[in-house]
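Asker: File query.cif below, mmCIF, C-alpha atoms and all ligand atoms:
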data_work
loop_
_atom_site.label_atom_id
_atom_site.label_comp_id
_atom_site.auth_asym_id
_atom_site.auth_seq_id
_atom_site.Cartn_x
_atom_site.Cartn_y
_atom_site.Cartn_z
CA MET A 93 -65.98 58.18 13.56
CA ASN A 94 -62.51 57.15 14.70
CA ARG A 95 -59.68 58.67 12.77
CA ILE A 96 -56.50 57.03 11.45
CA PHE A 97 -53.25 58.83 10.73
CA SER A 98 -50.16 57.11 9.38
CA GLY A 99 -47.20 57.89 7.18
CA ILE A 100 -44.11 56.69 5.36
CA GLN A 101 -40.89 58.56 4.66
CA PRO A 102 -40.09 59.28 1.02
CA THR A 103 -36.56 57.98 1.17
CA GLY A 104 -36.54 55.59 -1.78
CA ASN A 105 -36.75 51.81 -2.01
CA LEU A 106 -40.22 51.16 -0.66
CA HIS A 107 -40.12 47.49 0.25
CA LEU A 108 -42.14 44.46 1.25
CA GLY A 109 -41.86 45.45 4.94
CA ASN A 110 -43.52 48.79 4.23
CA TYR A 111 -46.24 46.96 2.35
CA LEU A 112 -46.94 44.14 4.82
CA GLY A 113 -46.25 46.14 7.99
CA ALA A 114 -48.14 49.27 6.99
CA ILE A 115 -49.76 49.95 3.60
CA ARG A 116 -51.63 46.67 3.32
CA ASN A 117 -53.20 47.15 6.73
CA TRP A 118 -54.26 50.68 5.78
CA VAL A 119 -56.07 49.31 2.75
CA ALA A 120 -57.89 46.81 4.97
CA LEU A 121 -58.88 49.44 7.55
CA GLN A 122 -59.70 52.37 5.27
CA HIS A 123 -63.47 51.98 5.15
CA ASP A 124 -63.93 51.61 8.89
CA TYR A 125 -62.22 54.91 9.73
CA GLU A 126 -61.73 58.41 8.53
CA CYS A 127 -58.19 58.08 7.12
CA ILE A 128 -55.26 60.39 6.60
CA PHE A 129 -52.17 58.91 4.95
CA CYS A 130 -49.15 61.14 4.78
CA ILE A 131 -45.85 61.12 2.90
CA VAL A 132 -43.64 62.47 5.67
CA ASP A 133 -41.13 64.50 3.70
CA LEU A 134 -40.02 66.58 6.71
CA HIS A 135 -39.07 63.37 8.48
CA ALA A 136 -37.04 62.35 5.43
CA LEU A 137 -34.92 65.48 5.89
CA THR A 138 -33.63 64.22 9.24
CA LEU A 139 -30.99 62.44 7.13
CA PRO A 140 -29.35 64.00 4.04
CA GLN A 141 -31.51 63.84 0.88
CA GLU A 142 -30.86 64.91 -2.70
CA PRO A 143 -33.60 67.41 -3.66
CA ASP A 144 -34.52 65.70 -6.95
CA ALA A 145 -34.50 62.27 -5.35
CA LEU A 146 -36.72 63.54 -2.54
CA ARG A 147 -39.27 64.92 -5.00
CA HIS A 148 -39.21 61.67 -6.95
CA ALA A 149 -39.59 59.52 -3.83
CA THR A 150 -42.49 61.66 -2.59
CA ARG A 151 -44.38 60.94 -5.80
CA GLU A 152 -43.37 57.29 -5.71
CA VAL A 153 -44.71 56.73 -2.19
CA THR A 154 -47.94 58.44 -3.26
CA ALA A 155 -48.13 56.10 -6.25
CA ALA A 156 -47.57 53.12 -3.95
CA TYR A 157 -50.47 54.11 -1.69
CA ILE A 158 -52.80 54.43 -4.66
CA ALA A 159 -51.51 51.32 -6.46
CA ALA A 160 -51.94 49.25 -3.29
CA GLY A 161 -55.59 50.23 -3.15
CA ILE A 162 -55.99 53.35 -1.01
CA ASP A 163 -59.15 55.13 -2.15
CA THR A 164 -58.24 58.78 -2.75
CA GLU A 165 -61.86 59.92 -2.67
CA HIS A 166 -62.44 58.58 0.82
CA CYS A 167 -58.92 58.95 2.26
CA ILE A 168 -56.73 62.01 2.46
CA ILE A 169 -53.28 61.56 0.91
CA PHE A 170 -50.79 64.43 1.09
CA ASN A 171 -47.19 65.30 1.80
CA GLN A 172 -46.41 66.61 5.26
CA SER A 173 -44.59 69.81 4.29
CA MET A 174 -47.72 71.10 2.51
CA VAL A 175 -49.50 71.55 5.85
CA THR A 176 -47.57 73.92 8.10
CA ALA A 177 -49.44 72.78 11.22
CA HIS A 178 -47.11 69.76 11.57
CA ALA A 179 -43.92 71.78 12.04
CA GLU A 180 -45.61 74.40 14.22
CA LEU A 181 -47.27 71.90 16.51
CA ALA A 182 -43.97 70.02 16.77
CA TRP A 183 -42.42 73.13 18.30
CA LEU A 184 -45.23 73.59 20.80
CA LEU A 185 -45.12 69.92 21.81
CA GLY A 186 -41.32 69.92 21.92
CA CYS A 187 -41.54 72.49 24.67
CA LEU A 188 -43.45 69.91 26.77
CA THR A 189 -41.14 66.96 26.00
CA PRO A 190 -38.42 66.14 28.53
CA LEU A 191 -35.04 65.17 27.06
CA GLY A 192 -35.17 62.01 29.17
CA TRP A 193 -38.02 60.71 27.02
CA LEU A 194 -36.13 61.36 23.80
CA ASN A 195 -32.94 59.80 25.15
CA ARG A 196 -34.72 56.45 25.38
CA MET A 197 -35.57 56.28 21.66
CA THR A 198 -33.80 53.30 20.13
CA GLN A 199 -34.29 54.50 16.55
CA PHE A 200 -32.29 57.65 17.30
CA LYS A 201 -29.51 55.59 18.84
CA GLU A 202 -29.42 53.33 15.77
CA LYS A 203 -29.54 56.12 13.21
CA ALA A 204 -27.14 58.44 15.02
CA GLY A 205 -24.57 55.66 15.34
CA LYS A 206 -21.41 56.07 17.33
CA GLN A 207 -20.75 59.72 16.56
CA ARG A 208 -23.79 61.03 18.34
CA ASP A 209 -22.49 64.61 18.53
CA LEU A 210 -22.66 64.82 14.75
CA ALA A 211 -26.32 63.78 14.56
CA GLY A 212 -28.70 66.60 13.72
CA LEU A 213 -31.25 68.16 16.03
CA GLY A 214 -33.95 67.06 13.55
CA LEU A 215 -33.05 63.40 13.97
CA TYR A 216 -33.27 63.79 17.73
CA ALA A 217 -36.59 65.67 17.57
CA TYR A 218 -38.01 63.22 14.97
CA PRO A 219 -40.44 61.53 17.41
CA VAL A 220 -41.87 64.90 18.50
CA LEU A 221 -42.67 65.73 14.87
CA MET A 222 -44.29 62.31 14.58
CA ALA A 223 -46.42 63.04 17.65
CA ALA A 224 -47.40 66.37 16.07
CA ASP A 225 -48.42 64.56 12.84
CA ILE A 226 -50.82 62.39 14.76
CA LEU A 227 -52.10 64.92 17.26
CA ALA A 228 -52.71 67.70 14.72
CA TYR A 229 -55.60 65.52 13.52
CA LYS A 230 -56.58 64.25 16.97
CA ALA A 231 -56.13 60.82 15.39
CA THR A 232 -57.37 57.93 17.52
CA HIS A 233 -55.61 55.06 15.71
CA VAL A 234 -52.19 54.66 14.09
CA PRO A 235 -51.51 51.53 11.99
CA VAL A 236 -47.73 50.96 11.74
CA GLY A 237 -45.09 48.23 11.76
CA GLU A 238 -43.61 46.96 14.99
CA ASP A 239 -40.56 49.24 14.83
CA GLN A 240 -42.74 52.33 15.44
CA LYS A 241 -44.20 51.10 18.73
CA GLN A 242 -41.83 53.09 20.89
CA HIS A 243 -42.47 56.29 18.95
CA LEU A 244 -46.20 55.79 19.40
CA GLU A 245 -45.83 55.33 23.12
CA LEU A 246 -43.98 58.63 23.16
CA ALA A 247 -46.80 60.28 21.19
CA ARG A 248 -49.23 59.05 23.83
CA ASP A 249 -46.98 60.39 26.59
CA ILE A 250 -46.78 63.78 24.88
CA ALA A 251 -50.56 63.92 24.42
CA GLY A 252 -50.96 63.10 28.11
CA ALA A 253 -48.39 65.73 29.10
CA PHE A 254 -50.35 68.39 27.19
CA ASN A 255 -53.68 67.31 28.66
CA ARG A 256 -52.28 67.38 32.20
CA ARG A 257 -50.40 70.64 31.78
CA TYR A 258 -53.52 72.45 30.59
CA GLU A 259 -55.94 70.38 32.67
CA ARG A 260 -58.27 69.22 29.93
CA ASP A 261 -58.98 66.21 27.76
CA PHE A 262 -57.81 67.84 24.57
CA PHE A 263 -55.84 65.18 22.69
CA PRO A 264 -57.09 61.58 22.50
CA LEU A 265 -54.30 59.09 23.31
CA PRO A 266 -53.62 57.44 19.92
CA GLU A 267 -53.84 53.63 19.80
CA PRO A 268 -51.20 51.71 17.84
CA GLN A 269 -52.55 49.12 15.38
CA ILE A 270 -49.81 46.56 14.81
CA PHE A 271 -51.16 43.37 13.30
CA GLY A 272 -50.73 40.60 10.75
CA GLU A 273 -48.12 37.87 10.43
CA ALA A 274 -45.43 40.29 9.22
CA THR A 275 -45.28 43.23 11.63
CA ARG A 276 -41.50 43.11 11.40
CA VAL A 277 -40.17 41.83 8.08
CA MET A 278 -36.47 40.97 8.29
CA SER A 279 -33.63 41.34 5.79
CA LEU A 280 -33.33 38.51 3.26
CA ARG A 281 -29.59 38.42 3.94
CA ASP A 282 -29.73 38.41 7.74
CA GLY A 283 -32.78 37.27 9.65
CA THR A 284 -31.79 39.29 12.71
CA LYS A 285 -31.83 42.64 10.90
CA LYS A 286 -34.94 44.58 9.86
CA MET A 287 -35.65 44.87 6.13
CA SER A 288 -34.91 48.52 5.49
CA LYS A 289 -34.94 51.12 2.75
CA SER A 290 -31.37 52.12 3.49
CA ASP A 291 -29.64 48.71 3.51
CA THR A 292 -26.75 48.96 1.05
CA SER A 293 -27.50 45.49 -0.36
CA ASP A 294 -30.50 45.45 -2.69
CA TYR A 295 -30.61 41.67 -2.15
CA SER A 296 -31.65 42.35 1.46
CA ARG A 297 -35.11 43.52 0.42
CA ILE A 298 -37.88 43.07 -2.11
CA ASN A 299 -38.77 46.49 -3.46
CA MET A 300 -42.36 47.27 -4.32
CA THR A 301 -41.18 48.14 -7.83
CA ASP A 302 -39.14 44.95 -8.41
CA ASP A 303 -40.24 42.93 -11.43
CA ALA A 304 -40.95 39.20 -11.39
CA ASP A 305 -37.37 38.22 -12.30
CA ALA A 306 -35.83 40.39 -9.58
CA ILE A 307 -38.25 39.04 -6.96
CA ALA A 308 -37.55 35.43 -7.92
CA LEU A 309 -33.78 35.98 -7.93
CA LYS A 310 -33.77 37.68 -4.53
CA ILE A 311 -35.88 34.95 -2.96
CA ARG A 312 -33.68 32.25 -4.49
CA ARG A 313 -30.63 33.96 -2.99
CA ALA A 314 -32.27 34.64 0.39
CA LYS A 315 -30.31 33.22 3.31
CA THR A 316 -31.69 30.02 4.86
CA ASP A 317 -30.41 27.17 6.98
CA PRO A 318 -29.77 23.54 5.92
CA GLU A 319 -32.78 21.98 7.74
CA PRO A 320 -36.10 21.30 6.02
CA LEU A 321 -39.10 23.35 7.16
CA PRO A 322 -40.33 22.31 10.61
CA GLU A 323 -43.77 21.21 11.72
CA THR A 324 -44.35 23.75 14.47
CA VAL A 325 -44.09 27.50 14.89
CA GLU A 326 -42.05 26.96 18.07
CA ALA A 327 -39.38 25.21 16.02
CA LEU A 328 -39.01 28.38 13.94
CA GLU A 329 -37.98 30.43 16.94
CA ALA A 330 -34.29 29.62 16.76
CA ARG A 331 -34.27 29.90 12.95
CA PRO A 332 -34.67 33.61 12.15
CA GLU A 333 -34.33 33.31 8.36
CA ALA A 334 -36.82 30.45 8.13
CA ASP A 335 -39.20 32.26 10.47
CA ASN A 336 -39.01 35.40 8.35
CA LEU A 337 -39.74 33.64 5.05
CA VAL A 338 -42.60 31.64 6.54
CA GLY A 339 -44.02 34.85 8.05
CA ILE A 340 -43.83 36.58 4.67
CA TYR A 341 -45.54 33.64 2.97
CA ALA A 342 -48.28 33.60 5.60
CA ALA A 343 -48.87 37.34 5.31
CA LEU A 344 -48.98 37.27 1.51
CA THR A 345 -51.48 34.41 1.47
CA ASN A 346 -53.60 35.85 4.31
CA ALA A 347 -52.87 32.80 6.40
CA THR A 348 -51.06 32.05 9.66
CA ARG A 349 -47.57 30.63 10.10
CA GLU A 350 -49.22 27.45 11.39
CA ALA A 351 -51.20 27.07 8.16
CA ALA A 352 -48.09 27.70 6.06
CA LEU A 353 -46.22 25.01 7.95
CA VAL A 354 -49.03 22.50 7.48
CA GLN A 355 -48.44 23.02 3.78
CA PHE A 356 -44.61 22.91 3.78
CA ALA A 357 -43.43 20.93 6.85
CA GLY A 358 -40.64 18.53 5.96
CA GLN A 359 -39.99 20.08 2.56
CA ASN A 360 -36.75 21.74 1.61
CA PHE A 361 -36.28 25.42 1.00
CA SER A 362 -36.02 25.20 -2.77
CA THR A 363 -39.64 24.01 -3.04
CA PHE A 364 -40.84 26.53 -0.49
CA LYS A 365 -38.94 29.40 -2.11
CA GLU A 366 -40.57 28.66 -5.44
CA ALA A 367 -44.01 28.93 -3.86
CA LEU A 368 -42.96 32.09 -2.04
CA SER A 369 -41.76 33.66 -5.30
CA GLY A 370 -45.08 32.82 -6.90
CA VAL A 371 -47.21 34.53 -4.26
CA SER A 372 -44.82 37.49 -4.01
CA VAL A 373 -45.00 38.09 -7.74
CA ASP A 374 -48.79 37.69 -7.65
CA VAL A 375 -49.21 40.37 -5.02
CA LEU A 376 -46.37 42.79 -5.78
CA GLY A 377 -46.25 42.45 -9.55
CA LYS A 378 -49.65 44.08 -9.99
CA ILE A 379 -48.87 46.87 -7.54
CA GLY A 380 -45.47 47.58 -9.10
CA GLY A 381 -47.01 47.76 -12.57
CA GLU A 382 -49.68 50.15 -11.38
CA MET A 383 -47.02 52.29 -9.65
CA ARG A 384 -45.09 52.59 -12.90
CA ARG A 385 -48.27 53.58 -14.73
CA LEU A 386 -49.06 56.27 -12.15
CA MET A 387 -45.48 57.57 -12.11
CA ALA A 388 -45.72 58.25 -15.84
CA ASP A 389 -48.16 61.06 -15.06
CA PRO A 390 -46.63 63.16 -12.25
CA GLY A 391 -49.20 65.90 -12.84
CA HIS A 392 -51.97 63.55 -11.74
CA ILE A 393 -50.07 62.57 -8.59
CA ASP A 394 -49.36 66.20 -7.75
CA ALA A 395 -53.04 67.06 -8.13
CA ILE A 396 -53.96 64.31 -5.66
CA LEU A 397 -51.38 65.60 -3.16
CA HIS A 398 -52.57 69.16 -3.60
CA ARG A 399 -56.19 68.30 -2.99
CA GLY A 400 -55.19 66.07 -0.05
CA ALA A 401 -53.21 68.90 1.54
CA GLU A 402 -56.23 71.20 1.36
CA ARG A 403 -58.42 68.63 3.05
CA ALA A 404 -55.72 67.89 5.66
CA ALA A 405 -55.16 71.55 6.45
CA ALA A 406 -58.89 72.04 6.97
CA ILE A 407 -58.65 69.58 9.88
CA ALA A 408 -55.21 70.41 11.29
CA MET A 409 -55.26 74.22 11.21
CA PRO A 410 -58.25 74.60 13.58
CA VAL A 411 -56.64 72.11 15.99
CA LEU A 412 -53.41 74.11 15.89
CA ASP A 413 -55.36 77.34 16.50
CA GLU A 414 -56.98 75.80 19.57
CA VAL A 415 -53.61 74.65 20.87
CA LYS A 416 -52.24 78.18 20.46
CA GLU A 417 -55.25 79.58 22.31
CA ILE A 418 -54.91 77.07 25.16
CA THR A 419 -51.18 77.68 25.37
CA GLY A 420 -51.65 81.43 25.78
CA LEU A 421 -50.18 82.61 22.50
CA LEU A 422 -51.85 85.95 21.85
CA ARG A 423 -53.68 86.08 18.54
CA PRO A 424 -54.89 89.67 18.21
P1 LIG A 501 -40.33 53.84 7.04
O1 LIG A 501 -39.80 52.98 5.95
O2 LIG A 501 -39.40 53.89 8.21
O3 LIG A 501 -40.82 55.18 6.60
O4 LIG A 501 -41.62 53.06 7.61
C1 LIG A 501 -42.92 53.23 7.11
C2 LIG A 501 -43.87 52.19 7.68
O5 LIG A 501 -43.46 50.88 7.31
C3 LIG A 501 -43.95 52.18 9.21
O6 LIG A 501 -45.27 51.89 9.61
C4 LIG A 501 -43.02 51.08 9.60
O7 LIG A 501 -43.33 50.51 10.84
C5 LIG A 501 -43.26 50.08 8.47
N1 LIG A 501 -42.05 49.26 8.26
C6 LIG A 501 -40.82 49.69 7.87
N2 LIG A 501 -39.96 48.66 7.78
C7 LIG A 501 -40.67 47.56 8.14
C8 LIG A 501 -40.33 46.16 8.24
N3 LIG A 501 -39.10 45.71 7.95
N4 LIG A 501 -41.30 45.30 8.63
C9 LIG A 501 -42.56 45.74 8.91
N5 LIG A 501 -42.93 47.04 8.83
C10 LIG A 501 -42.00 47.93 8.45
N1 LIG A 502 -41.73 57.35 11.83
C1 LIG A 502 -42.51 56.62 10.88
C2 LIG A 502 -41.60 55.60 10.19
O1 LIG A 502 -40.51 55.87 9.84
C3 LIG A 502 -43.15 57.50 9.85
C4 LIG A 502 -44.12 58.45 10.47
C5 LIG A 502 -43.95 59.80 10.61
C6 LIG A 502 -45.39 58.12 11.01
N2 LIG A 502 -45.06 60.34 11.22
C7 LIG A 502 -45.95 59.37 11.48
C8 LIG A 502 -46.09 56.95 11.16
C9 LIG A 502 -47.19 59.42 12.10
C10 LIG A 502 -47.34 57.00 11.79
C11 LIG A 502 -47.88 58.22 12.26
O2 LIG A 502 -42.01 54.51 9.97
#
As structure tokens, please, write out the structure in this file.

Answerer:
Amino acid sequence: MNRIFSGIQPTGNLHLGNYLGAIRNWVALQHDYECIFCIVDLHALTLPQEPDALRHATREVTAAYIAAGIDTEHCIIFNQSMVTAHAELAWLLGCLTPLGWLNRMTQFKEKAGKQRDLAGLGLYAYPVLMAADILAYKATHVPVGEDQKQHLELARDIAGAFNRRYERDFFPLPEPQIFGEATRVMSLRDGTKKMSKSDTSDYSRINMTDDADAIALKIRRAKTDPEPLPETVEALEARPEADNLVGIYAALTNATREAALVQFAGQNFSTFKEALSGVSVDVLGKIGGEMRRLMADPGHIDAILHRGAERAAAIAMPVLDEVKEITGLLRP
């Protein structure tokens, strides 16, 4: 059976983009694949994290996976640092990764900002660790949002570099799975910026834990333009905020942008926003409530992570052992 690996960083403020771009697609795919869903806590450390907040966010992301409908019997859910193969394989793969490949990564450029000399080695090596996550399980498919496309291409390049260097077909080249009407959800305050966990304005995003009032207020305040909604998808192209809201509505109602416009063409934003609030609360309200219920019992969440880590290690450790063997590391 084909195998899926994907992950989210436990850095707080899980939002609608994480849900529509990633988690929701995992739920839809989970029964057609063997699935491993990770909470990538080592990736979180590439930027400063408070230890207590990191622990809390790790449990919260786990709760979000479960609340959204990931089946913990069928799927493996665990936090990355519990399986040492990730960090070890990252080193081995890093030795095959030319700096030129890493220098092209736009996420590093964005996160490092202007003072690149102050950025940590971890932030720079981030995509190599991501490749190790995927390859440690010989995963064939990786469902993610649009922003991870470049990192996945790098993971494929690294897999190919290993296979060529040691002249064998060891790692499958992982396929990205980027689909749905909301592969890139934008900020509610600026339709040209990605909705992100780290945006300083909470009004820029809908958090998975927001209650109905917060969701409605944020959508009411979301930036729009003065025109009514257009009739065609093409007419949305020059209107990033309108395009974003229509895309969100389409994704939440399992429809296309075209279908959403058939419903709302010619109407003003206040009517549309009310409908959008309604469907957002319908979908996220239940998940948020379930997350809060799960978070009240951290022992239960920890037990799921512990069991998941055992199952994950049983797959990853033998792969790592084979890589060490192939690489020529003596294991007396
Ligand atoms: P991160 O929040 O960076 O850990 O991302 C976790 C997952 O959510 C990845 O698959 C991302 O591609 C996806 N994701 C993050 N932000 C967005 C967004 N604004 N729109 C769609 N997908 C997103
Ligand atoms: N870099 C991903 C993100 O921030 C998270 C991630 C880490 C990931 N390792 C992965 C996603 C492996 C898919 C597969 O969105």

Asker: Would you kindly return, as a list in words, each protein, DNA or RNA residue with an atom no farther than 8 Å from any atom of segment 381-388 of chain A, considering all atoms listed in the file and excluding same-chain residues fewer than 5 positions away?

Answerer: Arg151, Glu152, Ala155, Ala156, Ile158, Ala159, Thr301 and Ile393 of chain A

Asker: Between chain A and ligand LIG 501 (chain A), at 6 Å or less, what are the per-residue closest atom pairs and their distances in Å? Count only C-alpha atoms and all ligand atoms, order by chain and rising residue number, and return it as JSON lines.

Answerer:
{"residue": "A:Ile100", "atom": "CA", "partner": "A:LIG501", "partner_atom": "O3", "distance": 3.8}
{"residue": "A:Gln101", "atom": "CA", "partner": "A:LIG501", "partner_atom": "O3", "distance": 3.9}
{"residue": "A:Gly109", "atom": "CA", "partner": "A:LIG501", "partner_atom": "C8", "distance": 3.7}
{"residue": "A:Asn110", "atom": "CA", "partner": "A:LIG501", "partner_atom": "O5", "distance": 3.7}
{"residue": "A:Gly113", "atom": "CA", "partner": "A:LIG501", "partner_atom": "N5", "distance": 3.5}
{"residue": "A:Ala114", "atom": "CA", "partner": "A:LIG501", "partner_atom": "O6", "distance": 4.7}
{"residue": "A:Val236", "atom": "CA", "partner": "A:LIG501", "partner_atom": "O6", "distance": 3.4}
{"residue": "A:Gly237", "atom": "CA", "partner": "A:LIG501", "partner_atom": "O7", "distance": 3.0}
{"residue": "A:Glu238", "atom": "CA", "partner": "A:LIG501", "partner_atom": "O7", "distance": 5.5}
{"residue": "A:Asp239", "atom": "CA", "partner": "A:LIG501", "partner_atom": "O7", "distance": 5.0}
{"residue": "A:Gln240", "atom": "CA", "partner": "A:LIG501", "partner_atom": "O7", "distance": 5.0}
{"residue": "A:Thr275", "atom": "CA", "partner": "A:LIG501", "partner_atom": "C9", "distance": 4.6}
{"residue": "A:Arg276", "atom": "CA", "partner": "A:LIG501", "partner_atom": "N4", "distance": 3.5}
{"residue": "A:Val277", "atom": "CA", "partner": "A:LIG501", "partner_atom": "N4", "distance": 3.7}
{"residue": "A:Met278", "atom": "CA", "partner": "A:LIG501", "partner_atom": "N3", "distance": 5.4}
{"residue": "A:Lys286", "atom": "CA", "partner": "A:LIG501", "partner_atom": "N3", "distance": 4.7}
{"residue": "A:Met287", "atom": "CA", "partner": "A:LIG501", "partner_atom": "N3", "distance": 4.0}
{"residue": "A:Ser288", "atom": "CA", "partner": "A:LIG501", "partner_atom": "N2", "distance": 5.5}

Asker: Please save C-alpha atoms of the selected residues as a compact mmCIF listing (two decimals), in the frame of the given file.

Answerer:
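Saved the output as selection-v5.txt:
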# COMPACT_ATOMS: atom_id res chain seq x y z
CA ILE A 100 -44.11 56.69 5.36
CA GLN A 101 -40.89 58.56 4.66
CA GLY A 109 -41.86 45.45 4.94
CA ASN A 110 -43.52 48.79 4.23
CA GLY A 113 -46.25 46.14 7.99
CA ALA A 114 -48.14 49.27 6.99
CA VAL A 236 -47.73 50.96 11.74
CA GLY A 237 -45.09 48.23 11.76
CA GLU A 238 -43.61 46.96 14.99
CA ASP A 239 -40.56 49.24 14.83
CA GLN A 240 -42.74 52.33 15.44
CA THR A 275 -45.28 43.23 11.63
CA ARG A 276 -41.50 43.11 11.40
CA VAL A 277 -40.17 41.83 8.08
CA MET A 278 -36.47 40.97 8.29
CA LYS A 286 -34.94 44.58 9.86
CA MET A 287 -35.65 44.87 6.13
CA SER A 288 -34.91 48.52 5.49

Asker: Interatomic distance between atom CA of Ala145 of chain A and atom C11 of ligand LIG 502 (chain A)?

Answerer: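 Taking atom CA of Ala145 of chain A as the start and atom C11 of ligand LIG 502 (chain A) as the end point, the length is 22.5 Å.
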
Asker: Tell me, counting all atoms listed in the file, for each residue of chain A within 6 Å of ligand LIG 502 (chain A), which pair of atoms is nearest and how far apart they are in Å to one decimal, in rows ordered by chain and increasing number, as JSON lines.

Answerer:
{"residue": "A:Phe97", "atom": "CA", "partner": "A:LIG502", "partner_atom": "C11", "distance": 5.6}
{"residue": "A:Ser98", "atom": "CA", "partner": "A:LIG502", "partner_atom": "C10", "distance": 3.7}
{"residue": "A:Gly99", "atom": "CA", "partner": "A:LIG502", "partner_atom": "C8", "distance": 4.2}
{"residue": "A:Ile100", "atom": "CA", "partner": "A:LIG502", "partner_atom": "C3", "distance": 4.7}
{"residue": "A:Gln101", "atom": "CA", "partner": "A:LIG502", "partner_atom": "C3", "distance": 5.8}
{"residue": "A:Val132", "atom": "CA", "partner": "A:LIG502", "partner_atom": "C5", "distance": 5.6}
{"residue": "A:Met222", "atom": "CA", "partner": "A:LIG502", "partner_atom": "N2", "distance": 4.0}
{"residue": "A:Asp225", "atom": "CA", "partner": "A:LIG502", "partner_atom": "C9", "distance": 5.3}
{"residue": "A:Ile226", "atom": "CA", "partner": "A:LIG502", "partner_atom": "C9", "distance": 5.4}
{"residue": "A:Val234", "atom": "CA", "partner": "A:LIG502", "partner_atom": "C10", "distance": 5.9}
{"residue": "A:Gln240", "atom": "CA", "partner": "A:LIG502", "partner_atom": "O2", "distance": 5.9}

Asker: Take the selection from the previous step and output its residues with C-alpha atoms, as a compact mmCIF listing (two decimals), in the frame of the given file.

Answerer:
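Output (part-v4.txt):
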# COMPACT_ATOMS: atom_id res chain seq x y z
CA PHE A 97 -53.25 58.83 10.73
CA SER A 98 -50.16 57.11 9.38
CA GLY A 99 -47.20 57.89 7.18
CA ILE A 100 -44.11 56.69 5.36
CA GLN A 101 -40.89 58.56 4.66
CA VAL A 132 -43.64 62.47 5.67
CA MET A 222 -44.29 62.31 14.58
CA ASP A 225 -48.42 64.56 12.84
CA ILE A 226 -50.82 62.39 14.76
CA VAL A 234 -52.19 54.66 14.09
CA GLN A 240 -42.74 52.33 15.44

Asker: Can you tell me which residues surround segment 331-338 of chain A at a distance of at most 8 Å, considering only C-alpha atoms, apart from same-chain residues fewer than 6 positions away, and format the answer as a ChimeraX atom specification?

Answerer: /A:277-278,280,282-284,315-317,321,349,352-353,368

Asker: Mind writing the picked residues with C-alpha atoms as a PDB file, in the coordinates of the input?

Answerer:
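Saved file again.pdb follows:
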ATOM      1  CA  VAL A 277     -40.170  41.830   8.080  1.00  0.00           C
ATOM      2  CA  MET A 278     -36.470  40.970   8.290  1.00  0.00           C
ATOM      3  CA  LEU A 280     -33.330  38.510   3.260  1.00  0.00           C
ATOM      4  CA  ASP A 282     -29.730  38.410   7.740  1.00  0.00           C
ATOM      5  CA  GLY A 283     -32.780  37.270   9.650  1.00  0.00           C
ATOM      6  CA  THR A 284     -31.790  39.290  12.710  1.00  0.00           C
ATOM      7  CA  LYS A 315     -30.310  33.220   3.310  1.00  0.00           C
ATOM      8  CA  THR A 316     -31.690  30.020   4.860  1.00  0.00           C
ATOM      9  CA  ASP A 317     -30.410  27.170   6.980  1.00  0.00           C
ATOM     10  CA  LEU A 321     -39.100  23.350   7.160  1.00  0.00           C
ATOM     11  CA  ARG A 349     -47.570  30.630  10.100  1.00  0.00           C
ATOM     12  CA  ALA A 352     -48.090  27.700   6.060  1.00  0.00           C
ATOM     13  CA  LEU A 353     -46.220  25.010   7.950  1.00  0.00           C
ATOM     14  CA  LEU A 368     -42.960  32.090  -2.040  1.00  0.00           C
TER      15      LEU A 368
END

Asker: So, counting all atoms listed in the file, which residue among A:Pro235, A:Pro143, A:Pro219, A:Gly104 is closest to Ala120 of chain A?

Answerer: A:Pro235

Asker: Which value, in Å to one decimal, gives the distance between atom CA of Pro322 of chain A and atom CA of Ala357 of chain A?

Answerer: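 Calculated distance between atom CA of Pro322 of chain A and atom CA of Ala357 of chain A is 5.1 Å.
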
Asker: Using only C-alpha atoms, can you tell me which of A:Ala251, A:Ala274, A:Leu194, A:Ala224 comes closest to Asn117 of chain A?

Answerer: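 Of A:Ala251, A:Ala274, A:Leu194, A:Ala224, the one nearest Asn117 of chain A is A:Ala274, counting only C-alpha atoms.
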
Asker: Go through A:His123, A:His178, A:His243, A:Arg208 one by one, measure the shortest atom-to-atom distance of each to Arg95 of chain A using only C-alpha atoms, and give the residue with the smallest value.

Answerer: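 With only C-alpha atoms as the atom set, the closest residue is A:His123.
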
Asker: Excluding Leu185 of chain A and its own-chain neighbours fewer than 5 positions away, which residues fall within 12 Å of it when counting all atoms listed in the file? Please give them as a PyMOL selection string.

Answerer: chain A and resi 177-180+190+217-228+246-255+257+263+412+415-416+419

Asker: For the atom pair atom CA of Tyr341 of chain A and atom CA of Tyr157 of chain A, what is the interatomic distance in Å to one decimal place?

Answerer: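 For atom CA of Tyr341 of chain A relative to atom CA of Tyr157 of chain A, the distance reads 21.6 Å.
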
Asker: From the options A:Arg399, A:Lys378, A:His135, A:Lys310, which residue's atoms come nearest to Arg281 of chain A, counting all atoms listed in the file?

Answerer: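 Closest to Arg281 of chain A, using all atoms listed in the file: A:Lys310.
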
Asker: From the set A:Asp133, A:Glu267, A:Glu273, A:Asp209, which residue has the shortest atom-to-atom contact distance to Gln172 of chain A, counting all atoms listed in the file?

Answerer: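 Checking each of A:Asp133, A:Glu267, A:Glu273, A:Asp209 against Gln172 of chain A, counting all atoms listed in the file, the winner is A:Asp133.
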
Asker: Could you tell me which of A:Asn105, A:Thr150, A:Gln269, A:Thr176 comes closest to Arg297 of chain A if we count all atoms listed in the file?

Answerer: A:Asn105
